[in-house]
Amino acid sequence: MSPRSPAVNEELRRRSIERLLLATVELVDERGYEATTLADIADRAGTARGLVSYYFPGKRQLLQSAVHRLMHLELAACLEHEPRTREGHALLARAIDAILGLARDRPRLMRTHMAGILTAEGFIQCPEQQRLAALLRDTMAHYGSADPETDYRLLRALLMGAVVAILLPGAPMPAERLRAELFQRYALAWELGFPPGERPPAPGI
């Protein structure tokens with residue numbers, strides 16, 4: 001049997017990593033971070049336990065990459081949702097709704113992700129995060145930003161703050177109110193994106 005080509009090896013590597021990232025998201029969402037082991041993740045992904053440590057230095061780094069991949073896929077799907085558009089305000093509205101939607105729909109996973117970022121491990125700029133960043137940066141460019149890099153970083157900070165506010169134990173903020181604040185900041189019409197209701201919440205709600 002002839003040896004596999006570098007292209008085949010790279011494709012197998014890519015698929016193995018994707019299975020590990022998907023398994024991580026599923027298990028942490030189901031069981032929580034502490035109850036999920038690297039062995040569990042390898043078993044769910046159908047890969048050897050050693051591959052997890054080969055590709056990722058630890059469970060926290062693996063989780064960040066996994067959630068960043070999920071965010072990238074969710075964001076890409078929302079941006080390409082029918083009817084398709086390249087209009088900047090509509091794209092930014094969809095981007096905001098995509099991230100807030102993950103906080104609303106997958107609270108355990110997103111709370112764990114944010115907790116990891118706010119601990120000593122900090123923010124990991126892995127390839128998955130860089131893909132997410134590129135998509136948000138491109139969205140800001142379509143929106144008309146004269147400095148997409150700086151404006152992307154501000155958008156990222158605002159979205160992270162909104163996600164933390166939605167998920168804050170004991171004192172959560174309504175996602176609709178946070179959406180309204182972000183839409184007002186960027187002069188976005190309420191009906192753009194995927195509005196949670198026919199009209200924005202009344203002030204003070």
# chains A, B, ... in the order shown; residues from 1 in each chain; ligands from 1
call {"tool": "residues_around", "arguments": {"residues": "segment 120-136 of chain A", "least_positions_apart": "6", "cutoff": "6 Å", "atoms": "only C-alpha atoms", "output": "PyMOL selection string"}}
result
chain A and resi 65+68-69+72
call {"tool": "atom_distance", "arguments": {"atom1": "atom CA of Tyr186 of chain A", "atom2": "atom CA of Arg156 of chain A"}}
result
13.5 Å
call {"tool": "residues_around", "arguments": {"residues": "Asp97 of chain A", "least_positions_apart": "2", "cutoff": "8 Å", "atoms": "only C-alpha atoms", "output": "list in words"}}
result
Ala93, Arg94, Ala95, Ile99, Leu100, Gly101, Arg179, Gly193, Phe194 and Pro195 of chain A
call {"tool": "write_last_selection", "arguments": {"atoms": "N, CA and C atoms", "output": "PDB file, in the first residue's frame"}}
result
ATOM      1  N   ALA A  93     -26.888  43.489  11.926  1.00  0.00           N
ATOM      2  CA  ALA A  93     -28.027  43.052  12.741  1.00  0.00           C
ATOM      3  C   ALA A  93     -28.037  41.534  12.877  1.00  0.00           C
ATOM      4  N   ARG A  94     -27.792  40.840  11.788  1.00  0.00           N
ATOM      5  CA  ARG A  94     -27.749  39.378  11.841  1.00  0.00           C
ATOM      6  C   ARG A  94     -26.605  38.884  12.723  1.00  0.00           C
ATOM      7  N   ALA A  95     -25.464  39.555  12.659  1.00  0.00           N
ATOM      8  CA  ALA A  95     -24.318  39.150  13.477  1.00  0.00           C
ATOM      9  C   ALA A  95     -24.638  39.284  14.963  1.00  0.00           C
ATOM     10  N   ILE A  99     -24.968  35.997  17.857  1.00  0.00           N
ATOM     11  CA  ILE A  99     -24.230  35.819  19.110  1.00  0.00           C
ATOM     12  C   ILE A  99     -25.173  35.849  20.311  1.00  0.00           C
ATOM     13  N   LEU A 100     -26.107  36.793  20.338  1.00  0.00           N
ATOM     14  CA  LEU A 100     -27.064  36.827  21.443  1.00  0.00           C
ATOM     15  C   LEU A 100     -27.929  35.570  21.449  1.00  0.00           C
ATOM     16  N   GLY A 101     -28.212  35.030  20.266  1.00  0.00           N
ATOM     17  CA  GLY A 101     -29.002  33.806  20.183  1.00  0.00           C
ATOM     18  C   GLY A 101     -28.299  32.619  20.821  1.00  0.00           C
ATOM     19  N   ARG A 179     -30.335  43.658  23.071  1.00  0.00           N
ATOM     20  CA  ARG A 179     -30.398  43.787  21.614  1.00  0.00           C
ATOM     21  C   ARG A 179     -30.807  45.201  21.229  1.00  0.00           C
ATOM     22  N   GLY A 193     -32.300  41.670  10.858  1.00  0.00           N
ATOM     23  CA  GLY A 193     -31.842  40.481  11.561  1.00  0.00           C
ATOM     24  C   GLY A 193     -32.988  39.532  11.854  1.00  0.00           C
ATOM     25  N   PHE A 194     -33.035  39.055  13.100  1.00  0.00           N
ATOM     26  CA  PHE A 194     -34.064  38.092  13.507  1.00  0.00           C
ATOM     27  C   PHE A 194     -34.711  38.594  14.791  1.00  0.00           C
ATOM     28  N   PRO A 195     -35.564  39.619  14.682  1.00  0.00           N
ATOM     29  CA  PRO A 195     -36.119  40.262  15.881  1.00  0.00           C
ATOM     30  C   PRO A 195     -36.931  39.297  16.733  1.00  0.00           C
TER      31      PRO A 195
END
call {"tool": "residues_around", "arguments": {"residues": "Phe56 of chain A", "least_positions_apart": "6", "cutoff": "10 Å", "atoms": "only C-alpha atoms", "output": "JSON, numbers by chain"}}
result
{"A": [17, 20, 62, 63, 65]}
call {"tool": "write_last_selection", "arguments": {"atoms": "N, CA and C atoms", "output": "PDB file, in the first residue's frame"}}
result
ATOM      1  N   ILE A  17      -9.918  16.916  14.000  1.00  0.00           N
ATOM      2  CA  ILE A  17     -10.066  18.107  14.842  1.00  0.00           C
ATOM      3  C   ILE A  17     -11.523  18.544  14.891  1.00  0.00           C
ATOM      4  N   LEU A  20     -13.473  16.381  17.236  1.00  0.00           N
ATOM      5  CA  LEU A  20     -13.156  16.693  18.634  1.00  0.00           C
ATOM      6  C   LEU A  20     -13.854  17.977  19.077  1.00  0.00           C
ATOM      7  N   LEU A  62      -9.190  23.543  24.359  1.00  0.00           N
ATOM      8  CA  LEU A  62     -10.069  22.784  23.468  1.00  0.00           C
ATOM      9  C   LEU A  62     -11.477  23.361  23.498  1.00  0.00           C
ATOM     10  N   LEU A  63     -11.975  23.691  24.677  1.00  0.00           N
ATOM     11  CA  LEU A  63     -13.314  24.248  24.777  1.00  0.00           C
ATOM     12  C   LEU A  63     -13.415  25.602  24.076  1.00  0.00           C
ATOM     13  N   SER A  65     -11.661  26.714  21.577  1.00  0.00           N
ATOM     14  CA  SER A  65     -11.653  26.481  20.132  1.00  0.00           C
ATOM     15  C   SER A  65     -12.998  25.936  19.674  1.00  0.00           C
TER      16      SER A  65
END
call {"tool": "residues_around", "arguments": {"residues": "His89 of chain A", "least_positions_apart": "6", "cutoff": "12 Å", "atoms": "only C-alpha atoms", "output": "list in words"}}
result
Leu79, Ala95, Ile96, Thr139, Met140, Ala141, His142, Tyr143, Gly144, Ser145, Phe183, Gln184, Arg185, Tyr186, Ala187, Leu188, Ala189, Trp190, Glu191, Leu192 and Gly193 of chain A
call {"tool": "select_by_dssp", "arguments": {"residues": "segment 57-151 of chain A", "states": "alpha helix (DSSP H)", "output": "PyMOL selection string"}}
result
chain A and resi 59-79+88-105+107-117+127-143+148-151
call {"tool": "atom_distance", "arguments": {"atom1": "atom CA of Lys59 of chain A", "atom2": "atom CA of Ile117 of chain A"}}
result
13.0 Å
call {"tool": "residues_around", "arguments": {"residues": "Met160 of chain A", "least_positions_apart": "6", "cutoff": "12 Å", "atoms": "only C-alpha atoms", "output": "list of chain:residue names"}}
result
A:Ile96, A:Ile99, A:Leu100, A:Leu102, A:Ala103, A:Met110, A:Arg111, A:His113, A:Met114, A:Ala115, A:Ile117, A:Leu118, A:Phe123, A:Arg153, A:Leu154, A:Ile166, A:Leu167, A:Leu168, A:Leu178, A:Leu182
call {"tool": "atom_distance", "arguments": {"atom1": "atom CA of Leu38 of chain A", "atom2": "atom CA of Arg15 of chain A"}}
result
17.6 Å
